[in-house]
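These notes concern the structure reproduced below.
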There are 2 protein chains.
Amino acid sequence: MLDDRKKKILQAIIDEYINTAEPVSSGVIAEKYNLDCSSATIRNEMVELEKSGYLDKPHTSSGRVPSAQGYRFYVNELIKEDNISLEEIKYIQSKLETKVNEIEELTKIATNTLSEVTHYTSVAVGPKANLQNIEEVKFVLLGSRMLMAVILTDTGIVKETIIKFDEDITEEQVNILNNLFNSKLKGKPLEAIDKPLEEYIFSEMHQSLNVIKPVMLQLERAIREEDHLYLEGANKSFELPEFKSLEVAKNFINLLDTKEVMLDLLNTGFAQDINVYIGDESENEKLKDFSIITFKHRYQDKDLGTIGIIGPKRMDYSKVISVMKYISKKLNGK
Amino acid sequence: MLDDRKKKILQAIIDEYINTAEPVSSGVIAEKYNLDCSSATIRNEMVELEKSGYLDKPHTSSGRVPSAQGYRFYVNELIKEDNISLEEIKYIQSKLETKVNEIEELTKIATNTLSEVTHYTSVAVGPKANLQNIEEVKFVLLGSRMLMAVILTDTGIVKETIIKFDEDITEEQVNILNNLFNSKLKGKPLEAIDKPLEEYIFSEMHQSLNVIKPVMLQLERAIREEDHLYLEGANKSFELPEFKSLEVAKNFINLLDTKEVMLDLLNTGFAQDINVYIGDESENEKLKDFSIITFKHRYQDKDLGTIGIIGPKRMDYSKVISVMKYISKKLNGK
DNA sequence: TTTTAGCACTCTTGTTCTTTGACTGCTAAA
DNA sequence: TTTAGCAGTCAAAGAACAAGAGTGCTAAAA
């Protein structure tokens with residue numbers, strides 16, 4: 001385990017590196033941080049911190065840089081979690097007070113606010129389909145050959161989809177659909193819209209097969225539809241020095257454009273309130289230069305999706321985590 | 001006006017530059033393009049083409065590069081418009097044959113296909129609100145305190161929005177809303193949902209003021225809602241040599257992230273089938289490194305939005321325009 | 001035993017100078 | 001009007017060098 005002075009030095013180095021983005025020298029630490037010892041002593045400690053894997057050195061005669069293990073220790077043990085100013089609190093409050101009609105809107109506002117306060121790129125994704133129960137299903141006739149299906153879930157999410165037909169649909173058929181689907185699905189998980197249900201409905205009403213089939217097809221598609229990755233402030237990242245490297249910048253674009261990796265991460269199981277993924281800890285090569293911090297958007301313990309920040313490993317973890325904690329609390333208590 | 005040989009040389013230079021992204025020398029043109037003259041002759045012609053403003057020179061002893069004027073002439077006069085292979089045609093056909101339930105989906109598929117075939121970043125935006133007429137308005141009760149308003153326009157676009165209330169809404173109130181709005185709005189442009197309408201409705205039914213007010217507010221918001229910029233293949237651009245420059249890459253990200261400039265351009269009035277914007281021709285500093293090519297997505301002469309390509313000025317105009325023409329034709333004739 | 005001053009050593013960064021090679025523009029001959 | 005030939009220009013790449021920042025180690029001080 002690290003003794004007290006080593007912890008302080010490690011913290012100083014990481015704080016300094018987060019600020020300057022330059023390898024940190026023993027001299028700077030001795031000067032700026034009051035650790036009551038000389039640069040030589042700090043140098044000696046640095047050697048040991050490097051040996052234990054908390055620090056890296058870009059080359060022999062350069063200053064030190066935190067390793068993934070260093071960041072991890074910093075995040076788990078050293079971080080200040082109230083790194084948030086009164087102005088920031090006020091700003092967040094005012095943003096989150098906006099009256100919204102849909103929870104998805106609220107997620108967007110929170111994501112936007114998070115990005116604005118932290119100056120990093122933020123992302124969000126809605127709740128997973130298999131965690132939501134159906135509250136109500138409504139079919140609405142649009143014109144004579146279009147049907148809109150609206151599903152309201154217990155999380156307050158509204159999913160809607162449109163089905164087009166080659167022949168006219170009668171109001172009576174719409175009523176049958178409404179009764180049938182509601183009686184079968186109310187209270188069931190979204191995933192209950194599946195093949196077995198389709199077969200059941202087939203056996204029930206042979207009448208309008210050519211209506212039921214496209215309806216089922218489209219409903220299933222709408223539910224399993226690839227989650228939408230909501231993105232805010234992608235350009236903010238490009239002001240950071242690590243994005244001077246074309247390699248890094250390209251990886252970043254790719255990560256956000258492909259969506260897959262990000263969605264995976266955002267949908268991953270949650271141990272804590274706030275989850276920190278530090279680049280190189282993942283097996284995924286694409287993530288090695290970045291850190292991602294996420295939290296669940298919850299309201300009255302219902303899962304309303306996940307919100308996160310993506311940025312360089314040299315991220316202001318303390319600020320991001322503080323702001324997230326605050327936003328998370330506000331969202332939940334609203 | 002340019003004589004025949006000058007045209008041929010200009011064309012050769014631009015073709016070559018589009019391929020190699022390197023300033024083009026007289027030697028290469030004399031060698032690769034059969035113009036029946038020596039590099040010295042071509043050099044003489046190049047001097048004149050430069051004097052007339054069609055070519056630029058990065059520095060005294062380098063090859064030539066097309067100027068904005070050069071590209072413009074190339075696009076207007078020299079381009080081959082059937083630069084599309086059988087495979088590409090087949091691929092586009094198969095993609096566009098996908099059965100869709102919403103036109104917006106079709107726009108997405110077309111945008112996606114355009115990006116895949118040309119290897120550039122493509123963008124799309126839906127039809128402007130002021131060009132669409134209301135076909136039908138439906139209000140649907142979700143739970144007891146949520147109302148979904150669905151507007152079907154004559155272009156087949158469906159806009160839906162949700163309104164939340166602090167008190168229960170009755171089925172009767174929903175009926176009143178449906179009758180009122182449909183009788184007032186059927187056939188009218190989307191923009192008819194405005195203050196005067198609100199006042200008219202107020203005077204008509206004092207009854208449920210606390211229902212009408214939020215409904216109108218939310219409907220207006222939904223209609224004037226900032227257009228959504230649909231984006232496809234943003235990462236493709238980053239493989240191109242011009243994006244090696246961090247400056248250019250950053251401008252590109254900014255352009256797409258801010259959306260505003262792009263939306264302006266996509267919504268601009270249309271003279272031709274296909275519109276080509278060459279970077280430096282615009283007064284907008286942000287566009288100076290890029291070219292944008294757009295076309296209207298039309299079906300039976302109804303405006304269904306705009307689809308475009310954004311890439312470096314050194315773009316394969318011929319390929320992009322050829323592919324666009326084909327996709328445009330297919331979309332219209334479907 | 002721990003801390004620190006001092007110094008040699010290492011490695012990056014920036015500068016200058018040189019070489020190489022790709023083009024051009026011009027001149028004079030074809 | 002075209003072309004061969006050649007001097008002149010400039011960017012790009014590399015070599016050589018100086019400056020500076022930082023380390024690790026040693027030996028003295030606390």
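By order of appearance in the structure tokens: chains A, B, ..., then residues from 1 within every chain, and ligands from 1 in the order shown.
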
Practice problem: Quick one: pick out all alpha helix (DSSP H) residues within region 208-331 of chain B from a backbone DSSP run and write them as a PyMOL selection string. | Solution: chain B and resi 209-224+246-258+260-266+317-331

With C-alpha atoms retained, could you export that selection as a JSON list (two decimals), in the first residue's frame?
[["chain", "number", "residue", "atom", "x", "y", "z"],
["B", 209, "LEU", "CA", -58.46, 27.02, -21.63],
["B", 210, "ASN", "CA", -56.00, 25.10, -19.53],
["B", 211, "VAL", "CA", -56.08, 22.35, -22.12],
["B", 212, "ILE", "CA", -55.84, 24.46, -25.25],
["B", 213, "LYS", "CA", -52.97, 26.59, -24.08],
["B", 214, "PRO", "CA", -50.37, 23.87, -23.56],
["B", 215, "VAL", "CA", -51.58, 22.11, -26.69],
["B", 216, "MET", "CA", -51.03, 25.16, -28.85],
["B", 217, "LEU", "CA", -47.71, 25.89, -27.21],
["B", 218, "GLN", "CA", -46.41, 22.42, -27.84],
["B", 219, "LEU", "CA", -47.77, 22.20, -31.38],
["B", 220, "GLU", "CA", -46.11, 25.45, -32.34],
["B", 221, "ARG", "CA", -42.89, 24.26, -30.82],
["B", 222, "ALA", "CA", -43.03, 20.94, -32.63],
["B", 223, "ILE", "CA", -43.55, 22.63, -35.98],
["B", 224, "ARG", "CA", -40.91, 25.30, -35.66],
["B", 246, "LEU", "CA", -5.83, 19.64, -37.99],
["B", 247, "GLU", "CA", -7.22, 23.02, -38.95],
["B", 248, "VAL", "CA", -9.36, 21.55, -41.70],
["B", 249, "ALA", "CA", -10.48, 18.60, -39.58],
["B", 250, "LYS", "CA", -11.56, 20.91, -36.80],
["B", 251, "ASN", "CA", -13.51, 23.14, -39.15],
["B", 252, "PHE", "CA", -15.26, 20.10, -40.52],
["B", 253, "ILE", "CA", -16.31, 18.84, -37.09],
["B", 254, "ASN", "CA", -17.48, 22.29, -36.19],
["B", 255, "LEU", "CA", -19.50, 22.62, -39.34],
["B", 256, "LEU", "CA", -21.34, 19.40, -38.68],
["B", 257, "ASP", "CA", -21.67, 19.88, -34.95],
["B", 258, "THR", "CA", -23.04, 23.40, -35.17],
["B", 260, "GLU", "CA", -26.59, 25.91, -38.52],
["B", 261, "VAL", "CA", -24.48, 26.60, -41.60],
["B", 262, "MET", "CA", -25.31, 23.24, -43.10],
["B", 263, "LEU", "CA", -29.03, 23.65, -42.50],
["B", 264, "ASP", "CA", -28.94, 27.08, -44.10],
["B", 265, "LEU", "CA", -27.27, 25.68, -47.15],
["B", 266, "LEU", "CA", -29.53, 22.66, -47.45],
["B", 317, "TYR", "CA", -17.58, 16.06, -58.70],
["B", 318, "SER", "CA", -18.21, 13.82, -61.65],
["B", 319, "LYS", "CA", -18.85, 10.74, -59.57],
["B", 320, "VAL", "CA", -20.93, 12.53, -56.98],
["B", 321, "ILE", "CA", -23.10, 14.29, -59.54],
["B", 322, "SER", "CA", -23.57, 11.14, -61.58],
["B", 323, "VAL", "CA", -24.62, 9.13, -58.56],
["B", 324, "MET", "CA", -26.88, 11.91, -57.34],
["B", 325, "LYS", "CA", -28.62, 12.20, -60.67],
["B", 326, "TYR", "CA", -29.28, 8.51, -60.65],
["B", 327, "ILE", "CA", -30.53, 8.39, -57.09],
["B", 328, "SER", "CA", -32.68, 11.45, -57.64],
["B", 329, "LYS", "CA", -34.28, 9.91, -60.69],
["B", 330, "LYS", "CA", -34.91, 6.64, -58.90],
["B", 331, "LEU", "CA", -36.45, 8.33, -55.90]]

How close does chain D get to chain B? List, as a tab-separated table, each residue of chain D within 7 Å, its nearest atom pair and the distance in Å to one decimal, counting only C-alpha atoms (C1' of nucleotides).
residue	atom	partner	partner_atom	distance
D:DT2	C1'	B:Thr41	CA	6.7
D:DT3	C1'	B:Ala40	CA	6.5
D:DT9	C1'	B:Ser61	CA	5.7
D:DC10	C1'	B:Ser61	CA	5.8

Near-DA28 (chain C) list (10 Å; only C-alpha atoms (C1' of nucleotides); drop same-chain fewer than 2 positions) as an mmCIF file with N, CA and C atoms (P, O5', C5', C4', C3', O3' and C1' of nucleotides), in the first residue's frame:
data_model
loop_
_atom_site.group_PDB
_atom_site.id
_atom_site.type_symbol
_atom_site.label_atom_id
_atom_site.label_comp_id
_atom_site.auth_asym_id
_atom_site.auth_seq_id
_atom_site.Cartn_x
_atom_site.Cartn_y
_atom_site.Cartn_z
ATOM 1 P P DC C 26 8.646 34.094 -67.993
ATOM 2 O "O5'" DC C 26 9.978 33.894 -68.836
ATOM 3 C "C5'" DC C 26 11.227 33.854 -68.146
ATOM 4 C "C4'" DC C 26 12.316 33.452 -69.108
ATOM 5 C "C3'" DC C 26 12.172 34.038 -70.512
ATOM 6 O "O3'" DC C 26 13.418 34.578 -70.899
ATOM 7 C "C1'" DC C 26 12.411 31.693 -70.633
ATOM 8 P P DA C 30 17.989 24.251 -85.187
ATOM 9 O "O5'" DA C 30 16.512 23.695 -85.148
ATOM 10 C "C5'" DA C 30 16.174 22.664 -84.220
ATOM 11 C "C4'" DA C 30 14.742 22.281 -84.458
ATOM 12 C "C3'" DA C 30 14.420 21.916 -85.915
ATOM 13 O "O3'" DA C 30 13.544 20.797 -85.908
ATOM 14 C "C1'" DA C 30 13.022 23.668 -85.213
ATOM 15 P P DA D 4 10.721 17.974 -77.911
ATOM 16 O "O5'" DA D 4 12.265 18.203 -77.582
ATOM 17 C "C5'" DA D 4 13.141 18.589 -78.634
ATOM 18 C "C4'" DA D 4 14.263 19.426 -78.081
ATOM 19 C "C3'" DA D 4 14.904 18.880 -76.806
ATOM 20 O "O3'" DA D 4 16.320 18.892 -77.002
ATOM 21 C "C1'" DA D 4 14.274 21.147 -76.486
ATOM 22 P P DG D 5 17.306 18.303 -75.959
ATOM 23 O "O5'" DG D 5 17.734 19.623 -75.183
ATOM 24 C "C5'" DG D 5 18.030 20.788 -75.930
ATOM 25 C "C4'" DG D 5 18.447 21.891 -74.973
ATOM 26 C "C3'" DG D 5 19.081 21.386 -73.672
ATOM 27 O "O3'" DG D 5 20.143 22.244 -73.335
ATOM 28 C "C1'" DG D 5 17.221 22.717 -73.165
#

Check your understanding: Can you tell me, as a PyMOL selection string, what residues are no more than 10 Å from region 17-25 of chain C when counting only C-alpha atoms (C1' of nucleotides), ignoring any on the same chain fewer than 4 positions away?
Key -> (chain B and resi 24-27+40+43-44+47+60-64) or (chain D and resi 7-16)

With only C-alpha atoms (C1' of nucleotides) as the counted atoms, please give the residues lying no more than 10 Å from Asp15 (chain A), apart from itself and same-chain residues fewer than 2 positions off, as a VMD selection string. chain A and resid 9 to 13 17 to 21 24 66 74 79 314 to 318

task = Check the DSSP output for the backbone and give back, as a PyMOL selection string, the residues of region 70-317 of chain B in strand (DSSP E).
result = chain B and resi 121-125+134-142+146-153+158-164+230-232+274-278+290-299+302-312

Computed gap from CA of His228 (chain A) to CA of Ile134 (chain A) is 19.8 Å

Sorted by chain and rising residue number, which residues of chain B lie within 9 Å of chain A, and what are their closest atom pairs and distances in Å to one decimal, counting only C-alpha atoms, as JSON lines?
{"residue": "B:Val100", "atom": "CA", "partner": "A:Lys164", "partner_atom": "CA", "distance": 8.1}
{"residue": "B:Asn101", "atom": "CA", "partner": "A:Lys164", "partner_atom": "CA", "distance": 5.3}
{"residue": "B:Glu102", "atom": "CA", "partner": "A:Ile162", "partner_atom": "CA", "distance": 6.8}
{"residue": "B:Glu135", "atom": "CA", "partner": "A:Gly143", "partner_atom": "CA", "distance": 7.9}
{"residue": "B:Glu136", "atom": "CA", "partner": "A:Gly143", "partner_atom": "CA", "distance": 7.2}
{"residue": "B:Val137", "atom": "CA", "partner": "A:Leu142", "partner_atom": "CA", "distance": 8.6}
{"residue": "B:Lys138", "atom": "CA", "partner": "A:Val140", "partner_atom": "CA", "distance": 8.0}
{"residue": "B:Val140", "atom": "CA", "partner": "A:Val140", "partner_atom": "CA", "distance": 7.8}
{"residue": "B:Leu141", "atom": "CA", "partner": "A:Lys138", "partner_atom": "CA", "distance": 8.7}
{"residue": "B:Leu142", "atom": "CA", "partner": "A:Leu152", "partner_atom": "CA", "distance": 7.0}
{"residue": "B:Gly143", "atom": "CA", "partner": "A:Glu136", "partner_atom": "CA", "distance": 7.2}
{"residue": "B:Met146", "atom": "CA", "partner": "A:Asn101", "partner_atom": "CA", "distance": 8.5}
{"residue": "B:Val150", "atom": "CA", "partner": "A:Leu142", "partner_atom": "CA", "distance": 8.7}
{"residue": "B:Ile151", "atom": "CA", "partner": "A:Leu142", "partner_atom": "CA", "distance": 8.8}
{"residue": "B:Leu152", "atom": "CA", "partner": "A:Leu142", "partner_atom": "CA", "distance": 7.0}
{"residue": "B:Val158", "atom": "CA", "partner": "A:Ile162", "partner_atom": "CA", "distance": 8.8}
{"residue": "B:Glu160", "atom": "CA", "partner": "A:Glu160", "partner_atom": "CA", "distance": 8.9}
{"residue": "B:Thr161", "atom": "CA", "partner": "A:Asn101", "partner_atom": "CA", "distance": 8.7}
{"residue": "B:Ile162", "atom": "CA", "partner": "A:Asn101", "partner_atom": "CA", "distance": 6.0}
{"residue": "B:Ile163", "atom": "CA", "partner": "A:Asn101", "partner_atom": "CA", "distance": 5.5}
{"residue": "B:Lys164", "atom": "CA", "partner": "A:Asn101", "partner_atom": "CA", "distance": 5.3}
{"residue": "B:Phe165", "atom": "CA", "partner": "A:Asn101", "partner_atom": "CA", "distance": 8.7}
{"residue": "B:Gln218", "atom": "CA", "partner": "A:Asn101", "partner_atom": "CA", "distance": 8.7}
{"residue": "B:Glu232", "atom": "CA", "partner": "A:Asp257", "partner_atom": "CA", "distance": 8.4}
{"residue": "B:Gly233", "atom": "CA", "partner": "A:Asp257", "partner_atom": "CA", "distance": 7.3}
{"residue": "B:Ala234", "atom": "CA", "partner": "A:Asp257", "partner_atom": "CA", "distance": 6.7}
{"residue": "B:Asn235", "atom": "CA", "partner": "A:Asn254", "partner_atom": "CA", "distance": 5.8}
{"residue": "B:Lys236", "atom": "CA", "partner": "A:Asn254", "partner_atom": "CA", "distance": 9.0}
{"residue": "B:Phe238", "atom": "CA", "partner": "A:Lys250", "partner_atom": "CA", "distance": 6.7}
{"residue": "B:Glu239", "atom": "CA", "partner": "A:Lys250", "partner_atom": "CA", "distance": 8.6}
{"residue": "B:Phe243", "atom": "CA", "partner": "A:Leu246", "partner_atom": "CA", "distance": 8.8}
{"residue": "B:Lys244", "atom": "CA", "partner": "A:Leu246", "partner_atom": "CA", "distance": 6.9}
{"residue": "B:Ser245", "atom": "CA", "partner": "A:Leu246", "partner_atom": "CA", "distance": 8.4}
{"residue": "B:Leu246", "atom": "CA", "partner": "A:Lys244", "partner_atom": "CA", "distance": 6.9}
{"residue": "B:Ala249", "atom": "CA", "partner": "A:Ala249", "partner_atom": "CA", "distance": 8.9}
{"residue": "B:Lys250", "atom": "CA", "partner": "A:Phe238", "partner_atom": "CA", "distance": 6.7}
{"residue": "B:Ile253", "atom": "CA", "partner": "A:Asn235", "partner_atom": "CA", "distance": 6.0}
{"residue": "B:Asn254", "atom": "CA", "partner": "A:Asn235", "partner_atom": "CA", "distance": 5.8}
{"residue": "B:Leu256", "atom": "CA", "partner": "A:Asn235", "partner_atom": "CA", "distance": 9.0}
{"residue": "B:Asp257", "atom": "CA", "partner": "A:Asn235", "partner_atom": "CA", "distance": 6.5}
{"residue": "B:Thr258", "atom": "CA", "partner": "A:Asn235", "partner_atom": "CA", "distance": 8.6}

For the residues in that selection, give me N, CA and C atoms as a tab-separated table (two decimals), in the first residue's frame.
chain	number	residue	atom	x	y	z
B	100	VAL	N	-40.43	0.81	-47.24
B	100	VAL	CA	-40.41	1.66	-46.06
B	100	VAL	C	-41.82	2.09	-45.68
B	101	ASN	N	-41.98	2.40	-44.40
B	101	ASN	CA	-43.27	2.85	-43.92
B	101	ASN	C	-43.35	4.37	-43.84
B	102	GLU	N	-42.19	5.00	-43.73
B	102	GLU	CA	-42.18	6.46	-43.65
B	102	GLU	C	-41.23	7.02	-44.70
B	135	GLU	N	-52.86	17.46	-43.54
B	135	GLU	CA	-53.87	16.55	-44.09
B	135	GLU	C	-54.82	16.13	-42.97
B	136	GLU	N	-54.23	15.94	-41.81
B	136	GLU	CA	-55.03	15.41	-40.71
B	136	GLU	C	-54.33	15.67	-39.38
B	137	VAL	N	-55.13	15.95	-38.37
B	137	VAL	CA	-54.58	16.11	-37.03
B	137	VAL	C	-55.28	15.14	-36.11
B	138	LYS	N	-54.53	14.40	-35.33
B	138	LYS	CA	-55.18	13.48	-34.38
B	138	LYS	C	-54.59	13.64	-32.99
B	140	VAL	N	-54.36	11.82	-29.31
B	140	VAL	CA	-54.53	10.51	-28.70
B	140	VAL	C	-54.23	10.64	-27.22
B	141	LEU	N	-55.11	10.09	-26.41
B	141	LEU	CA	-54.89	10.13	-24.97
B	141	LEU	C	-53.95	8.99	-24.58
B	142	LEU	N	-52.90	9.33	-23.86
B	142	LEU	CA	-52.01	8.29	-23.34
B	142	LEU	C	-52.09	8.35	-21.83
B	143	GLY	N	-52.47	7.27	-21.20
B	143	GLY	CA	-52.73	7.32	-19.77
B	143	GLY	C	-53.88	8.29	-19.58
B	146	MET	N	-51.66	12.53	-20.44
B	146	MET	CA	-50.75	12.80	-21.55
B	146	MET	C	-51.52	12.74	-22.85
B	150	VAL	N	-50.73	14.13	-33.31
B	150	VAL	CA	-50.11	13.62	-34.52
B	150	VAL	C	-50.59	14.45	-35.70
B	151	ILE	N	-49.66	14.95	-36.47
B	151	ILE	CA	-50.03	15.72	-37.65
B	151	ILE	C	-49.52	15.02	-38.90
B	152	LEU	N	-50.44	14.73	-39.79
B	152	LEU	CA	-50.05	14.12	-41.06
B	152	LEU	C	-50.08	15.21	-42.13
B	158	VAL	N	-45.03	12.59	-40.97
B	158	VAL	CA	-45.82	12.55	-39.75
B	158	VAL	C	-45.05	13.22	-38.63
B	160	GLU	N	-45.11	14.15	-34.63
B	160	GLU	CA	-45.89	13.89	-33.42
B	160	GLU	C	-45.21	14.56	-32.24
B	161	THR	N	-46.03	14.92	-31.27
B	161	THR	CA	-45.48	15.57	-30.09
B	161	THR	C	-46.36	15.22	-28.90
B	162	ILE	N	-45.79	15.35	-27.74
B	162	ILE	CA	-46.51	14.94	-26.54
B	162	ILE	C	-46.76	16.13	-25.64
B	163	ILE	N	-47.96	16.20	-25.08
B	163	ILE	CA	-48.29	17.28	-24.15
B	163	ILE	C	-48.71	16.65	-22.82
B	164	LYS	N	-48.12	17.16	-21.77
B	164	LYS	CA	-48.39	16.63	-20.43
B	164	LYS	C	-49.25	17.60	-19.67
B	165	PHE	N	-50.22	17.08	-18.93
B	165	PHE	CA	-51.09	17.96	-18.16
B	165	PHE	C	-51.01	17.67	-16.67
B	218	GLN	N	-47.24	23.57	-27.46
B	218	GLN	CA	-46.41	22.42	-27.84
B	218	GLN	C	-46.48	22.17	-29.34
B	232	GLU	N	-24.40	10.97	-42.25
B	232	GLU	CA	-23.99	9.59	-42.56
B	232	GLU	C	-22.53	9.57	-43.02
B	233	GLY	N	-21.72	8.74	-42.37
B	233	GLY	CA	-20.34	8.55	-42.83
B	233	GLY	C	-19.41	9.71	-42.53
B	234	ALA	N	-19.58	10.34	-41.38
B	234	ALA	CA	-18.70	11.46	-41.02
B	234	ALA	C	-17.25	10.99	-40.96
B	235	ASN	N	-17.05	9.77	-40.56
B	235	ASN	CA	-15.67	9.28	-40.42
B	235	ASN	C	-14.99	9.05	-41.76
B	236	LYS	N	-15.77	8.86	-42.80
B	236	LYS	CA	-15.17	8.62	-44.12
B	236	LYS	C	-14.26	9.76	-44.53
B	238	PHE	N	-12.38	11.55	-42.87
B	238	PHE	CA	-11.09	11.65	-42.19
B	238	PHE	C	-10.01	10.78	-42.79
B	239	GLU	N	-10.36	10.00	-43.77
B	239	GLU	CA	-9.35	9.23	-44.49
B	239	GLU	C	-8.71	10.07	-45.60
B	243	PHE	N	-7.67	16.12	-44.71
B	243	PHE	CA	-8.03	16.13	-43.30
B	243	PHE	C	-6.83	15.82	-42.41
B	244	LYS	N	-5.68	15.67	-43.05
B	244	LYS	CA	-4.43	15.57	-42.28
B	244	LYS	C	-4.17	16.88	-41.56
B	245	SER	N	-4.64	17.95	-42.14
B	245	SER	CA	-4.49	19.25	-41.49
B	245	SER	C	-5.49	19.36	-40.35
B	246	LEU	N	-4.97	19.58	-39.16
B	246	LEU	CA	-5.83	19.64	-37.99
B	246	LEU	C	-6.85	20.77	-38.14
B	249	ALA	N	-9.68	19.60	-40.30
B	249	ALA	CA	-10.48	18.60	-39.58
B	249	ALA	C	-11.37	19.27	-38.54
B	250	LYS	N	-10.81	20.23	-37.84
B	250	LYS	CA	-11.56	20.91	-36.80
B	250	LYS	C	-12.72	21.70	-37.40
B	253	ILE	N	-15.55	19.25	-38.28
B	253	ILE	CA	-16.31	18.84	-37.09
B	253	ILE	C	-17.24	19.96	-36.65
B	254	ASN	N	-16.69	21.15	-36.63
B	254	ASN	CA	-17.48	22.29	-36.19
B	254	ASN	C	-18.69	22.53	-37.07
B	256	LEU	N	-20.31	20.41	-38.86
B	256	LEU	CA	-21.34	19.40	-38.68
B	256	LEU	C	-21.95	19.47	-37.28
B	257	ASP	N	-21.17	19.85	-36.32
B	257	ASP	CA	-21.67	19.88	-34.95
B	257	ASP	C	-22.58	21.09	-34.73
B	258	THR	N	-22.23	22.20	-35.33
B	258	THR	CA	-23.04	23.40	-35.17
B	258	THR	C	-24.34	23.31	-35.96

So that I can see what lies close to DA28 (chain D), please list as a PyMOL selection string the residues with an atom at most 12 Å from it, counting only C-alpha atoms (C1' of nucleotides) and leaving out residues fewer than 6 positions away in the same chain. chain C and resi 3-6
